[in-house]
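Everything below concerns the one structure shown next.
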Amino acid sequence: MERELSFVEAICEATDQEMGRDRNVVLFGLGVDDPKHIQGTTKGLPEKYGAERVFDTPLSEDAMTGVAVGMAWAGLRPIHVHIRMDFALLAANQLVNMAAKSYYMFGGKLNVPMVVRGMIGKSWGQGPQHSQALYSMFAHVPGLKVVAPTTPHDAKGCLIAAIRDDNPVLYVEHRMLHFQKGPVPEAMYEVAPGSARVTAEGADLTMVGISYMQLECLRARHELAAVGIEAEVIDPIWLAPLDLDTVVRSVRKTRRLLVVDNDWAYCGVGASLVAAVAEALSGEVGIQYRCLGFQPTTCPTSPTLEEAFYPNPASIAAGAHEMVRGDSTWRPPRRAYPETISFRGPF
Amino acid sequence: MERELSFVEAICEATDQEMGRDRNVVLFGLGVDDPKHIQGTTKGLPEKYGAERVFDTPLSEDAMTGVAVGMAWAGLRPIHVHIRMDFALLAANQLVNMAAKSYYMFGGKLNVPMVVRGMIGKSWGQGPQHSQALYSMFAHVPGLKVVAPTTPHDAKGCLIAAIRDDNPVLYVEHRMLHFQKGPVPEAMYEVAPGSARVTAEGADLTMVGISYMQLECLRARHELAAVGIEAEVIDPIWLAPLDLDTVVRSVRKTRRLLVVDNDWAYCGVGASLVAAVAEALSGEVGIQYRCLGFQPTTCPTSPTLEEAFYPNPASIAAGAHEMVRGDSTWRPPRRAYPETISFRGPF
Amino acid sequence: MPPTSSRESRGAGLPARDPARTGPPDPETCYRLLLLIRTVEEEIARVYPSDVIKSPVHLSIGQEAVAVAVCMALRLEDVVFGTYRGHAAYLAKGGDLDRMIAELYGKNTGCAGGKGGSMHLVDVEHGVMGTSAVVATTIPEALGMAMAFQYRREPRVVVSFFGDGATEEGVFFETLNVAALRKAPLIFLCENNSYAIHTHLHQRQAQSDICRKAEAMGVPAFRFESDDVETVYARIAGAAARLRADPFAGPCFFEAPTCRWREHVGPGEDFHLGYRTADDVRRCQANDALKKAAGRLTEIRRAVIEREVLGAVARAFERAAAAPFPEAGTLLDDVYKEV
Amino acid sequence: MPPTSSRESRGAGLPARDPARTGPPDPETCYRLLLLIRTVEEEIARVYPSDVIKSPVHLSIGQEAVAVAVCMALRLEDVVFGTYRGHAAYLAKGGDLDRMIAELYGKNTGCAGGKGGSMHLVDVEHGVMGTSAVVATTIPEALGMAMAFQYRREPRVVVSFFGDGATEEGVFFETLNVAALRKAPLIFLCENNSYAIHTHLHQRQAQSDICRKAEAMGVPAFRFESDDVETVYARIAGAAARLRADPFAGPCFFEAPTCRWREHVGPGEDFHLGYRTADDVRRCQANDALKKAAGRLTEIRRAVIEREVLGAVARAFERAAAAPFPEAGTLLDDVYKEV
Ligand SMILES: Cc1ncc(C[n+]2csc(CCOP(=O)(O)OP(=O)(O)O)c2C)c(N)n1
Ligand SMILES: Cc1ncc(C[n+]2csc(CCOP(=O)(O)OP(=O)(O)O)c2C)c(N)n1
Ligand SMILES: [Mg+2]
Ligand SMILES: [Mg+2]
């Protein structure tokens with residue numbers, strides 16, 4: 001029997017193991033040593049590694065990001081935690097102008113082995129400023145890497161890979177994924193860039209689900225299977241650099257690509273994926289493309305609006321159905337999913 | 001005979017006319033009242049409108065962006081100038097979390113009529129932190145509008161439209177376009193969203209050139225014409241919201257789309273354009289897509305590297321040629337273009 | 001500005017009394033407002049477990065006095081900027097009760113049409129500007145509005161409320177400097193409850209005299225010893241009068257000690273977390289401004305006000321519960337303002 | 001920290017003398033460094049119009065003394081962080097001359113392989129960390145490195161150089177607070193030349209005593225009356241010794257007055273712009289540290305040093321001119337560090 005951990009426990013274990021292995025790994029951010037220990041992802045670490053290695057910070061995201069860069073230049077491997085991705089905007093200058101560029105602009109002299117953990121909020125009225133994904137903005141910038149694991153297995157493997165990476169990595173956690181449980185090996189292992197995963201096979205269309213949308217795509221796949229459509233589902237895992245080949249291979253087979261992004265589509269990872277596949281398969285006959293993402297608006301707080309804001313298994317399945325069968329009226333039955341049921345605020 | 005102005009003069013005139021028309025328009029930013037008056041774009045304005053309406057600021061981009069939002073809530077129409085787009089990163093939190101969202105998150109109660117002028121540097125070793133375009137990062141965010149005029153005519157019309165817009169607008173100026181001259185009507189006029197322009201007609205492929213790449217595409221078109229290829233060139237002008245129809249119409253005709261972005265391609269406006277057209281023309285037979293942009297790295301300072309970093313008329317023409325003729329070896333003759341010759345640092 | 005010691009310059013430029021407005025605050029209004037806020041928030045806490053409010057709430061139970069004292073010294077046309085912990089300032093400034101509760105319920109009768117929730121309250125007609133969930137983000141907005149009033153020579157005062165945690169963010173310092181440079185008609189008001197979430201001020205600020213920081217930026221500062229309504233009211237009324245009289249009088253900074261009785265976010269208490277004790281809070285509760293205000297009224301007047309307030313609150317919750325949710329079809333309304 | 005007046009606490013915690021290192025700075029080294037920097041920058045200015053340097057240059061002609069005095073008090077293993085106006089700190093700390101000039105020429109023998117240019121100098125072996133073009137951006141990096149040294153108990157000191165303009169950016173305040181909280185072995189060094197581009201400090205800062213701001217953040221601060229090399233050297237040597245002795249001794253802040261003789265960016269003078277007069281600068285020139293340092297040496301020693309420096313500079317420019325440009329094919333090297 002494989003051991004099961006939650007996504008949260010997987011993050012905590014990866015951090016613990018890496019801190020145990022490498023004294024250069026330090027962990028800080030608002031609330032990391034707090035009684036709520038960042039949803040449990042830092043549980044036990046302050047006690048185990050002490051206040052020099054695990055520490056809370058003032059409300060100073062900009063400076064603390066520069067601090068992480070400076071530590072990384074000195075050979076440490078800092079992990080900087082933002083309980084909301086939205087706050088990373090305060091650090092945009094340091095991330096984009098310093099962290100992303102330093103290895104290149106200093107001619108390979110100063111690299112930046114740092115990890116920025118950013119959490120995407122959803123549900124329970126997280127609202128405009130506590131729900132953003134923003135990873136597309138950072139994936140845009142050469143020099144930064146971006147990873148968005150979707151299973152506890154990858155949560156651990158990607159975090160270990162990110163910590164060991166000699167470059168700045170934005171590690172994207174979706175709060176709704178925090179609840180997931182799954183098999184996680186006890187040993188240390190890396191899930192490195194270049195490892196997009198086919199999470200379900202199928203011949204009728206390719207669905208790429210990013211971050212939490214991976215889960216929603218797998219659910220949509222069930223609905224589609226019920227009406228005889230076989231969707232292939234791919235989890236890109238790393239968003240920068242992107243493993244394009246796995247997707248191109250699949251689309252060459254299925255002739256249909258539906259990317260479901262967990263971010264706004266415009267100038268997003270999802271749209272870039274569509275563009276890159278369209279370019280790679282340029283001139284091929286009759287391939288269908290579609291990209292879903294957040295609706296092009298600020299995330300509203302009210303539940304009725306919030307529900308309409310996000311792609312969901314039903315809207316994904318309907319979109320896929322239309323691509324395969326040309327029928328835009330079909331909808332799967334309504335269902336509620338466990339984490340949306342069990343999840344209660346405030347957070 | 002139509003009157004000619006430079007791009008810089010067109011910006012200055014638009015600002016002057018709008019300030020003359022509407023007492024709510026105020027102008028600030030580092031150096032706006034400086035003896036170099038932001039390349040001339042603010043020349044004469046401090047004297048004419050006084051220090052309450054035209055003022056320099058401390059080095060505090062974050063706060064000054066919030067100040068602009070607050071002024072806009074109060075009914076003023078601030079213009080905030082960044083001599084480098086790169087510095088807008090310091091204002092990312094205010095732009096994305098406040099300016100973009102306030103109209104929506106306050107239920108339509110507080111709109112934000114403000115303009116942020118950001119300049120893209122190029123050439124003369126602007127280097128890593130003085131050459132970024134970054135408009136794709138902001139175009140990603142619903143609630144912000146983004147415009148990147150390429151002619152003196154549009155520089156004036158778009159700035160007037162941006163100032164009169166009731167929403168936050170990022171007005172993108174490319175430093176190499178500052179040198180261009182062209183016909184500019186004296187009267188006030190708006191070049192509003194939805195007005196992508198076909199700048200040259202052709203049947204063989206569609207080239208969309210964004211910001212300075214519009215100029216480079218027109219040059220590439222000459223090279224292509226010399227070998228019998230007729231490129232249609234489109235200037236999208238507004239990047240958010242984007243006028244997709246004009247592009248789709250053209251690609252439906254030419255069956256080939258080459259977008260040349262003045263930004264990194266990944267998660268950029270250019271890639272999104274390709275994706276949107278591929279989606280709109282889904283399933284149509286044999287359309288070719290391609291997106292060029294900055295090379296996926298930090299902009300280097302050394303001239304030999306800098307030259308390789310940007311798409312240029314030769315590389316654009318070569319790319320287009322390959323799409324039309326399938327021949328990837330052809331290159332147009334080498335030429336130097338006026339603004340790269342006449343331009344000398346430092347800036 | 002001549003260099004003066006931190007102590008000496010405290011309060012410099014702030015007249016102690018404004019002849020027009022420094023009488024004691026009207027005890028009935030004061031009690032009504034304190035009671036209103038307390039009742040509303042206790043009702044929020046009561047209904048919260050039933051999930052009718054599907055959004056994070058940051059209660060200011062225990063912190064009402066500062067908002068009430070400050071807002072009583074303001075006029076309708078004056079403006080306040082608050083934070084995600086903004087219920088008290090919203091109500092004290094006269095924000096519409098029904099629309100606030102409807103907003104928390106996510107209903108389309110809410111002050112932001114349900115799009116904002118508890119953290120993004122707004123009531124422009126009553127001078128409550130939109131509140132924000134990202135700490136310190138409305139501080140420069142407040143300055144922008146003050147500069148607009150100054151520019152138009154409108155005798156209106158802006159108050160920027162924020163917590164002690166906000167005074168660690170860079171934008172706080174940037175804004176103070178610009179406010180002082182532009183001599184903007186702005187009152188900075190730091191509600192110092194000693195904590196940012198669960199971390200004490202002393203663990204976050206090496207030099208934790210916040211007034212000293214304000215003064216170093218060129219903004220005269222004054223620290224209240226307590227959140228006593230009369231004292232706070234008198235000072236703020238004086239400062240507001242000064243700013244109304246001269247739009248170039250320049251900003252001032254006040255720090256008021258206060259105490260959050262409940263958990264950082266959510267309806268409960270949080271003594272089990274161990275970062276502070278129940279006794280810490282009990283000491284504050286002994287000085288409850290609401291109780292003191294009640295003591296200043298006759299039993300009869302108190303009963304009248306209580307009936308009135310309780311009725312209004314009950315009605316607001318009922319109306320909010322009964323109101324419709326926004327239609328999904330309105331999702332894309334108000335992304336942009338177009339004519 | 002007990003509240004003390006701004007004046008009283010200035011310099012608190014900073015011993016005036018370090019027995020080991022506060023002797024007068026070696027006059028030959030001092031002259032050599034000052035002359036080297038001056039000569040290099042004058043040569044840059046001379047060749048600039050010929051376009052061999054295709055990149056913005058921010059000269060520190062006139063400002064050399066502070067960098068020299070500070071860096072003479074440092075050891076090889078100590079580290080400095082500078083700005084786009086970073087030639088002086090780079091050379092004073094011992095950064096490689098040939099690689100610096102090659103960098104300005106955009107050659108692949110440059111310290112950043114031509115990828116950085118004048119604004120992004122780096123020489124890790126000599127403790128010159130990468131400089132940055134965005135004002136104030138290396139201030140927190142300096143703190144991060146100091147925290148790393150502290151964590152590893154390495155007796156190394158970090159100096160963060162920045163201009164007066166940088167002290168307006170929010171990150172400056174955030175960094176000072178965290179440095180003080182963490183008691184990091186870090187020296188903040190503000191080179192106050194009174195201007196940010198063409199705007200005077202007094203137009204930018206309402207309260208323009210920068211030391212007072214540092215102290216308000218909890219960092220003891222000291223303002224030098226002049227950029228006199230011996231005074232600056234002695235103080236910095238003392239502070240550095242203290243930080244080496246105890247990695248938890250805590251940061252300190254110094255402000256040194258200085259004067260930029262040339263235009264903000266580029267090789268020329270800028271009196272025609274009208275924001276300051278030639279007389280303003282001439283007054284500074286009368287106190288030129290280079291001249292004073294020359295006066296401390298015999299004519300013979302001076303001549304030897306001059307020959308040496310001029311030769312080294314000439315060779316550096318020749319080598320830079322002769323070196324190859326990077327191949328276009330290396331454009332995508334070093335975007336990521338991969339094993
Ligand atoms: C920029 C930013 N960083 C972090 C957070 C997370 N956060 C929410 S409230 C809070 C504490 C703020 O404390 P304070 O300003 O004292 O206000 P209080 O909650 O005590 O009223 C923090 C850190 C945030 N919302 N915004
Ligand atoms: C964040 C940021 N804003 C604006 C600029 C434009 N800029 C370049 S140098 C400079 C002045 C900085 O003054 P100071 O810190 O005193 O340094 P000095 O140039 O006097 O050495 C400004 C405003 C910039 N580079 N970075
Ligand atoms: Mg607090
Ligand atoms: Mg300066």
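Order determines the names: the first chain of the structure tokens is A, the second B, and so forth; residues in each chain are numbered 1 upward, and ligands are numbered 1 upward as they are shown.
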Taking only C-alpha atoms and all ligand atoms into account, which residues have an atom no farther than 6 Å from ligand 1? I'd like them as a compact mmCIF listing (two decimals) with N, CA and C atoms, in the first residue's frame.
```txt
# COMPACT_ATOMS: atom_id res chain seq x y z
N LEU A 59 5.43 43.26 7.37
CA LEU A 59 4.69 43.39 6.12
C LEU A 59 5.55 44.18 5.14
N PHE A 87 -0.21 39.11 -3.31
CA PHE A 87 0.79 39.97 -2.65
C PHE A 87 2.12 39.96 -3.39
N ARG C 85 -10.67 45.62 7.48
CA ARG C 85 -11.35 45.66 8.79
C ARG C 85 -12.10 46.99 8.84
N ALA C 133 -8.34 44.87 0.49
CA ALA C 133 -7.86 43.71 1.23
C ALA C 133 -6.34 43.62 1.30
N VAL C 134 -5.67 44.35 0.45
CA VAL C 134 -4.21 44.31 0.45
C VAL C 134 -3.74 45.41 1.40
N VAL C 135 -3.01 45.02 2.42
CA VAL C 135 -2.67 45.96 3.49
C VAL C 135 -1.96 47.19 2.92
N PHE C 162 -5.68 53.00 8.98
CA PHE C 162 -4.92 51.78 8.69
C PHE C 162 -4.43 51.19 10.00
N GLY C 163 -3.99 49.95 9.95
CA GLY C 163 -3.51 49.28 11.15
C GLY C 163 -2.02 49.50 11.37
N ASP C 164 -1.53 49.02 12.48
CA ASP C 164 -0.10 49.12 12.78
C ASP C 164 0.72 48.34 11.75
N GLY C 165 0.18 47.26 11.25
CA GLY C 165 0.92 46.46 10.27
C GLY C 165 1.19 47.23 8.99
N ALA C 166 0.26 48.09 8.63
CA ALA C 166 0.42 48.86 7.39
C ALA C 166 1.64 49.77 7.44
N ASN C 193 -3.57 48.12 17.12
CA ASN C 193 -4.07 47.06 18.00
C ASN C 193 -2.95 46.08 18.36
N TYR C 195 -1.18 44.08 16.87
CA TYR C 195 -0.96 42.83 16.13
C TYR C 195 -1.20 42.99 14.64
N ALA C 196 -0.42 42.28 13.87
CA ALA C 196 -0.73 41.99 12.48
C ALA C 196 -0.97 40.48 12.48
N ILE C 197 -2.20 40.11 12.25
CA ILE C 197 -2.62 38.72 12.42
C ILE C 197 -2.20 38.25 13.82
```
Using only C-alpha atoms, what table do you get, as JSON lines, when you list each residue of chain D with an atom no more than 9 Å from chain A, its nearest pair of atoms, and their distance in Å rounded to one decimal, rows by chain then rising number?
```
{"residue": "D:Gly110", "atom": "CA", "partner": "A:Gly107", "partner_atom": "CA", "distance": 8.6}
{"residue": "D:Cys111", "atom": "CA", "partner": "A:Gly107", "partner_atom": "CA", "distance": 7.1}
{"residue": "D:Ala112", "atom": "CA", "partner": "A:Gly107", "partner_atom": "CA", "distance": 3.9}
{"residue": "D:Gly113", "atom": "CA", "partner": "A:Gly107", "partner_atom": "CA", "distance": 5.1}
{"residue": "D:Gly114", "atom": "CA", "partner": "A:Gly107", "partner_atom": "CA", "distance": 7.3}
{"residue": "D:Lys115", "atom": "CA", "partner": "A:Met105", "partner_atom": "CA", "distance": 5.3}
{"residue": "D:Gly116", "atom": "CA", "partner": "A:Met105", "partner_atom": "CA", "distance": 4.7}
{"residue": "D:Gly117", "atom": "CA", "partner": "A:Met105", "partner_atom": "CA", "distance": 8.5}
{"residue": "D:His120", "atom": "CA", "partner": "A:Phe106", "partner_atom": "CA", "distance": 6.5}
{"residue": "D:Leu121", "atom": "CA", "partner": "A:Phe106", "partner_atom": "CA", "distance": 7.1}
{"residue": "D:Val122", "atom": "CA", "partner": "A:Phe106", "partner_atom": "CA", "distance": 6.3}
{"residue": "D:Asp123", "atom": "CA", "partner": "A:Lys109", "partner_atom": "CA", "distance": 8.2}
{"residue": "D:Val124", "atom": "CA", "partner": "A:Lys109", "partner_atom": "CA", "distance": 7.3}
{"residue": "D:Met129", "atom": "CA", "partner": "A:Leu110", "partner_atom": "CA", "distance": 8.4}
{"residue": "D:Gly130", "atom": "CA", "partner": "A:Phe106", "partner_atom": "CA", "distance": 6.5}
{"residue": "D:Thr131", "atom": "CA", "partner": "A:Phe106", "partner_atom": "CA", "distance": 8.8}
{"residue": "D:Ser132", "atom": "CA", "partner": "A:Met98", "partner_atom": "CA", "distance": 8.1}
{"residue": "D:Val134", "atom": "CA", "partner": "A:Asn97", "partner_atom": "CA", "distance": 7.9}
{"residue": "D:Thr137", "atom": "CA", "partner": "A:Gln94", "partner_atom": "CA", "distance": 7.1}
{"residue": "D:Thr138", "atom": "CA", "partner": "A:Gly66", "partner_atom": "CA", "distance": 7.2}
{"residue": "D:Ile139", "atom": "CA", "partner": "A:Gly66", "partner_atom": "CA", "distance": 7.7}
{"residue": "D:Pro140", "atom": "CA", "partner": "A:Gly66", "partner_atom": "CA", "distance": 4.7}
{"residue": "D:Glu141", "atom": "CA", "partner": "A:Gly70", "partner_atom": "CA", "distance": 3.9}
{"residue": "D:Ala142", "atom": "CA", "partner": "A:Gly70", "partner_atom": "CA", "distance": 6.0}
{"residue": "D:Leu143", "atom": "CA", "partner": "A:Val67", "partner_atom": "CA", "distance": 5.8}
{"residue": "D:Gly144", "atom": "CA", "partner": "A:Val67", "partner_atom": "CA", "distance": 3.8}
{"residue": "D:Met145", "atom": "CA", "partner": "A:Gly70", "partner_atom": "CA", "distance": 4.7}
{"residue": "D:Ala146", "atom": "CA", "partner": "A:Met71", "partner_atom": "CA", "distance": 7.9}
{"residue": "D:Met147", "atom": "CA", "partner": "A:Met71", "partner_atom": "CA", "distance": 7.0}
{"residue": "D:Ala148", "atom": "CA", "partner": "A:Met71", "partner_atom": "CA", "distance": 5.5}
{"residue": "D:Phe149", "atom": "CA", "partner": "A:Ala74", "partner_atom": "CA", "distance": 7.8}
{"residue": "D:Tyr151", "atom": "CA", "partner": "A:Glu52", "partner_atom": "CA", "distance": 7.0}
{"residue": "D:Gly170", "atom": "CA", "partner": "A:Asp62", "partner_atom": "CA", "distance": 8.4}
{"residue": "D:Val171", "atom": "CA", "partner": "A:Ala63", "partner_atom": "CA", "distance": 5.4}
{"residue": "D:Phe172", "atom": "CA", "partner": "A:Ala63", "partner_atom": "CA", "distance": 7.8}
{"residue": "D:Phe173", "atom": "CA", "partner": "A:Ala63", "partner_atom": "CA", "distance": 8.7}
{"residue": "D:Glu174", "atom": "CA", "partner": "A:Ser60", "partner_atom": "CA", "distance": 5.7}
{"residue": "D:Thr175", "atom": "CA", "partner": "A:Ala63", "partner_atom": "CA", "distance": 5.5}
{"residue": "D:Asn177", "atom": "CA", "partner": "A:Pro58", "partner_atom": "CA", "distance": 8.4}
{"residue": "D:Val178", "atom": "CA", "partner": "A:Pro58", "partner_atom": "CA", "distance": 7.3}
{"residue": "D:Leu332", "atom": "CA", "partner": "A:Tyr104", "partner_atom": "CA", "distance": 9.0}
{"residue": "D:Asp333", "atom": "CA", "partner": "A:Tyr104", "partner_atom": "CA", "distance": 7.8}
{"residue": "D:Asp334", "atom": "CA", "partner": "A:Tyr104", "partner_atom": "CA", "distance": 5.1}
{"residue": "D:Val335", "atom": "CA", "partner": "A:Tyr104", "partner_atom": "CA", "distance": 5.3}
{"residue": "D:Tyr336", "atom": "CA", "partner": "A:Gly143", "partner_atom": "CA", "distance": 6.0}
{"residue": "D:Lys337", "atom": "CA", "partner": "A:Asp166", "partner_atom": "CA", "distance": 5.9}
{"residue": "D:Glu338", "atom": "CA", "partner": "A:Asp166", "partner_atom": "CA", "distance": 6.9}
{"residue": "D:Val339", "atom": "CA", "partner": "A:Asp166", "partner_atom": "CA", "distance": 8.3}
```
Would you output that residue set with N, CA and C atoms, as a short mmCIF file (atom, residue, chain, number, x, y, z; two decimals), in the first residue's frame?
```cif
data_model
loop_
_atom_site.label_atom_id
_atom_site.label_comp_id
_atom_site.auth_asym_id
_atom_site.auth_seq_id
_atom_site.Cartn_x
_atom_site.Cartn_y
_atom_site.Cartn_z
N GLY D 110 34.36 41.40 -20.73
CA GLY D 110 33.82 42.26 -19.67
C GLY D 110 33.44 41.45 -18.44
N CYS D 111 33.32 42.15 -17.33
CA CYS D 111 33.04 41.45 -16.06
C CYS D 111 31.68 40.76 -16.11
N ALA D 112 30.78 41.22 -16.96
CA ALA D 112 29.50 40.52 -17.13
C ALA D 112 29.38 40.01 -18.56
N GLY D 113 30.51 39.78 -19.19
CA GLY D 113 30.50 39.24 -20.55
C GLY D 113 29.84 40.17 -21.55
N GLY D 114 29.76 41.45 -21.23
CA GLY D 114 29.11 42.40 -22.13
C GLY D 114 27.60 42.45 -21.98
N LYS D 115 27.07 41.58 -21.17
CA LYS D 115 25.61 41.54 -21.06
C LYS D 115 25.07 42.63 -20.15
N GLY D 116 25.92 43.20 -19.30
CA GLY D 116 25.43 44.15 -18.33
C GLY D 116 25.72 45.61 -18.65
N GLY D 117 26.95 45.89 -19.06
CA GLY D 117 27.32 47.28 -19.31
C GLY D 117 27.62 48.02 -18.01
N HIS D 120 25.68 47.51 -14.72
CA HIS D 120 25.57 46.19 -14.09
C HIS D 120 26.93 45.55 -13.88
N LEU D 121 27.80 46.30 -13.25
CA LEU D 121 29.14 45.80 -12.96
C LEU D 121 29.09 44.75 -11.85
N VAL D 122 30.04 43.85 -11.90
CA VAL D 122 30.09 42.81 -10.89
C VAL D 122 31.51 42.27 -10.84
N ASP D 123 31.99 41.98 -9.64
CA ASP D 123 33.27 41.28 -9.49
C ASP D 123 33.21 40.52 -8.17
N VAL D 124 32.64 39.36 -8.25
CA VAL D 124 32.35 38.60 -7.03
C VAL D 124 33.64 38.29 -6.27
N MET D 129 29.36 43.18 -5.54
CA MET D 129 28.14 42.52 -6.01
C MET D 129 27.56 43.31 -7.16
N GLY D 130 26.64 42.67 -7.87
CA GLY D 130 26.09 43.29 -9.07
C GLY D 130 25.36 44.58 -8.77
N THR D 131 25.61 45.56 -9.63
CA THR D 131 24.91 46.83 -9.47
C THR D 131 23.68 46.85 -10.37
N SER D 132 22.79 47.77 -10.08
CA SER D 132 21.48 47.74 -10.72
C SER D 132 21.03 49.12 -11.14
N VAL D 134 17.81 50.14 -11.50
CA VAL D 134 16.56 50.59 -10.89
C VAL D 134 16.89 51.07 -9.48
N THR D 137 17.23 49.21 -5.76
CA THR D 137 16.95 47.77 -5.85
C THR D 137 17.98 46.89 -5.20
N THR D 138 19.20 47.35 -4.97
CA THR D 138 20.16 46.44 -4.34
C THR D 138 20.20 46.59 -2.82
N ILE D 139 19.43 47.49 -2.28
CA ILE D 139 19.47 47.70 -0.82
C ILE D 139 19.01 46.43 -0.08
N PRO D 140 17.87 45.86 -0.44
CA PRO D 140 17.50 44.61 0.25
C PRO D 140 18.42 43.44 -0.08
N GLU D 141 18.99 43.43 -1.27
CA GLU D 141 19.94 42.37 -1.61
C GLU D 141 21.13 42.42 -0.64
N ALA D 142 21.59 43.61 -0.34
CA ALA D 142 22.70 43.75 0.60
C ALA D 142 22.33 43.16 1.95
N LEU D 143 21.10 43.43 2.36
CA LEU D 143 20.65 42.86 3.64
C LEU D 143 20.61 41.34 3.56
N GLY D 144 20.11 40.81 2.45
CA GLY D 144 20.05 39.35 2.31
C GLY D 144 21.44 38.74 2.45
N MET D 145 22.41 39.38 1.83
CA MET D 145 23.76 38.83 1.93
C MET D 145 24.29 38.95 3.36
N ALA D 146 24.02 40.08 3.99
CA ALA D 146 24.46 40.23 5.39
C ALA D 146 23.81 39.17 6.27
N MET D 147 22.55 38.89 6.01
CA MET D 147 21.87 37.86 6.81
C MET D 147 22.49 36.48 6.55
N ALA D 148 22.92 36.26 5.33
CA ALA D 148 23.58 34.98 5.02
C ALA D 148 24.91 34.87 5.78
N PHE D 149 25.67 35.95 5.80
CA PHE D 149 26.94 35.93 6.54
C PHE D 149 26.69 35.71 8.03
N TYR D 151 24.13 34.27 9.37
CA TYR D 151 23.65 32.89 9.56
C TYR D 151 24.80 31.91 9.59
N GLY D 170 10.04 53.11 -1.08
CA GLY D 170 9.53 52.34 0.05
C GLY D 170 10.45 51.22 0.50
N VAL D 171 11.12 50.59 -0.45
CA VAL D 171 11.94 49.43 -0.10
C VAL D 171 13.09 49.83 0.82
N PHE D 172 13.51 51.07 0.75
CA PHE D 172 14.57 51.57 1.64
C PHE D 172 14.11 51.42 3.10
N PHE D 173 12.91 51.88 3.37
CA PHE D 173 12.41 51.83 4.76
C PHE D 173 12.16 50.39 5.20
N GLU D 174 11.57 49.63 4.33
CA GLU D 174 11.32 48.23 4.66
C GLU D 174 12.63 47.53 5.02
N THR D 175 13.66 47.80 4.23
CA THR D 175 14.93 47.11 4.44
C THR D 175 15.57 47.53 5.76
N ASN D 177 14.16 48.54 8.46
CA ASN D 177 13.44 47.91 9.57
C ASN D 177 13.86 46.45 9.74
N VAL D 178 13.88 45.72 8.64
CA VAL D 178 14.24 44.30 8.75
C VAL D 178 15.70 44.15 9.19
N LEU D 332 21.63 33.41 -25.98
CA LEU D 332 20.77 32.68 -25.04
C LEU D 332 21.56 31.91 -23.97
N ASP D 333 22.84 32.19 -23.86
CA ASP D 333 23.61 31.59 -22.77
C ASP D 333 23.29 32.31 -21.45
N ASP D 334 23.27 31.58 -20.39
CA ASP D 334 23.13 32.14 -19.05
C ASP D 334 21.77 32.75 -18.75
N VAL D 335 20.75 32.33 -19.46
CA VAL D 335 19.40 32.73 -19.05
C VAL D 335 19.06 31.96 -17.76
N TYR D 336 19.37 30.69 -17.79
CA TYR D 336 19.20 29.87 -16.59
C TYR D 336 20.52 29.20 -16.26
N LYS D 337 20.76 29.00 -15.01
CA LYS D 337 21.90 28.19 -14.61
C LYS D 337 21.44 26.74 -14.53
N GLU D 338 22.02 25.92 -15.36
CA GLU D 338 21.66 24.50 -15.32
C GLU D 338 22.94 23.71 -15.07
N VAL D 339 22.78 22.59 -14.39
CA VAL D 339 23.98 21.80 -14.07
C VAL D 339 24.45 21.00 -15.28
#
```
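Proximity to Glu28 of chain D at 12 Å, evaluated using only C-alpha atoms and with sequence-adjacent residues fewer than 5 positions away removed, yields D:Leu33, D:Leu34, D:Leu35, D:Leu36, D:Met72, D:Leu290, D:Ala293, D:Ala294, D:Gly295, D:Arg296, D:Leu297, D:Thr298, D:Glu299, D:Ile300, D:Arg301, D:Arg302, D:Ala303, D:Val304, D:Ile305, D:Glu306, D:Val309.
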- Query: Taking only C-alpha atoms into account, what are the residues of chain A at most 6 Å from chain B, put as a PyMOL selection string?
  - Reply: chain A and resi 89-90+92-93+137+140+142+266-269+271-272+274-275+279+282-290+296-297
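DSSP annotation of segment 89-186 of chain C from backbone atoms: strand (DSSP E) residues are Val158, Val159, Ser160, Phe161, Phe162, Gly163 and Leu186 of chain C.
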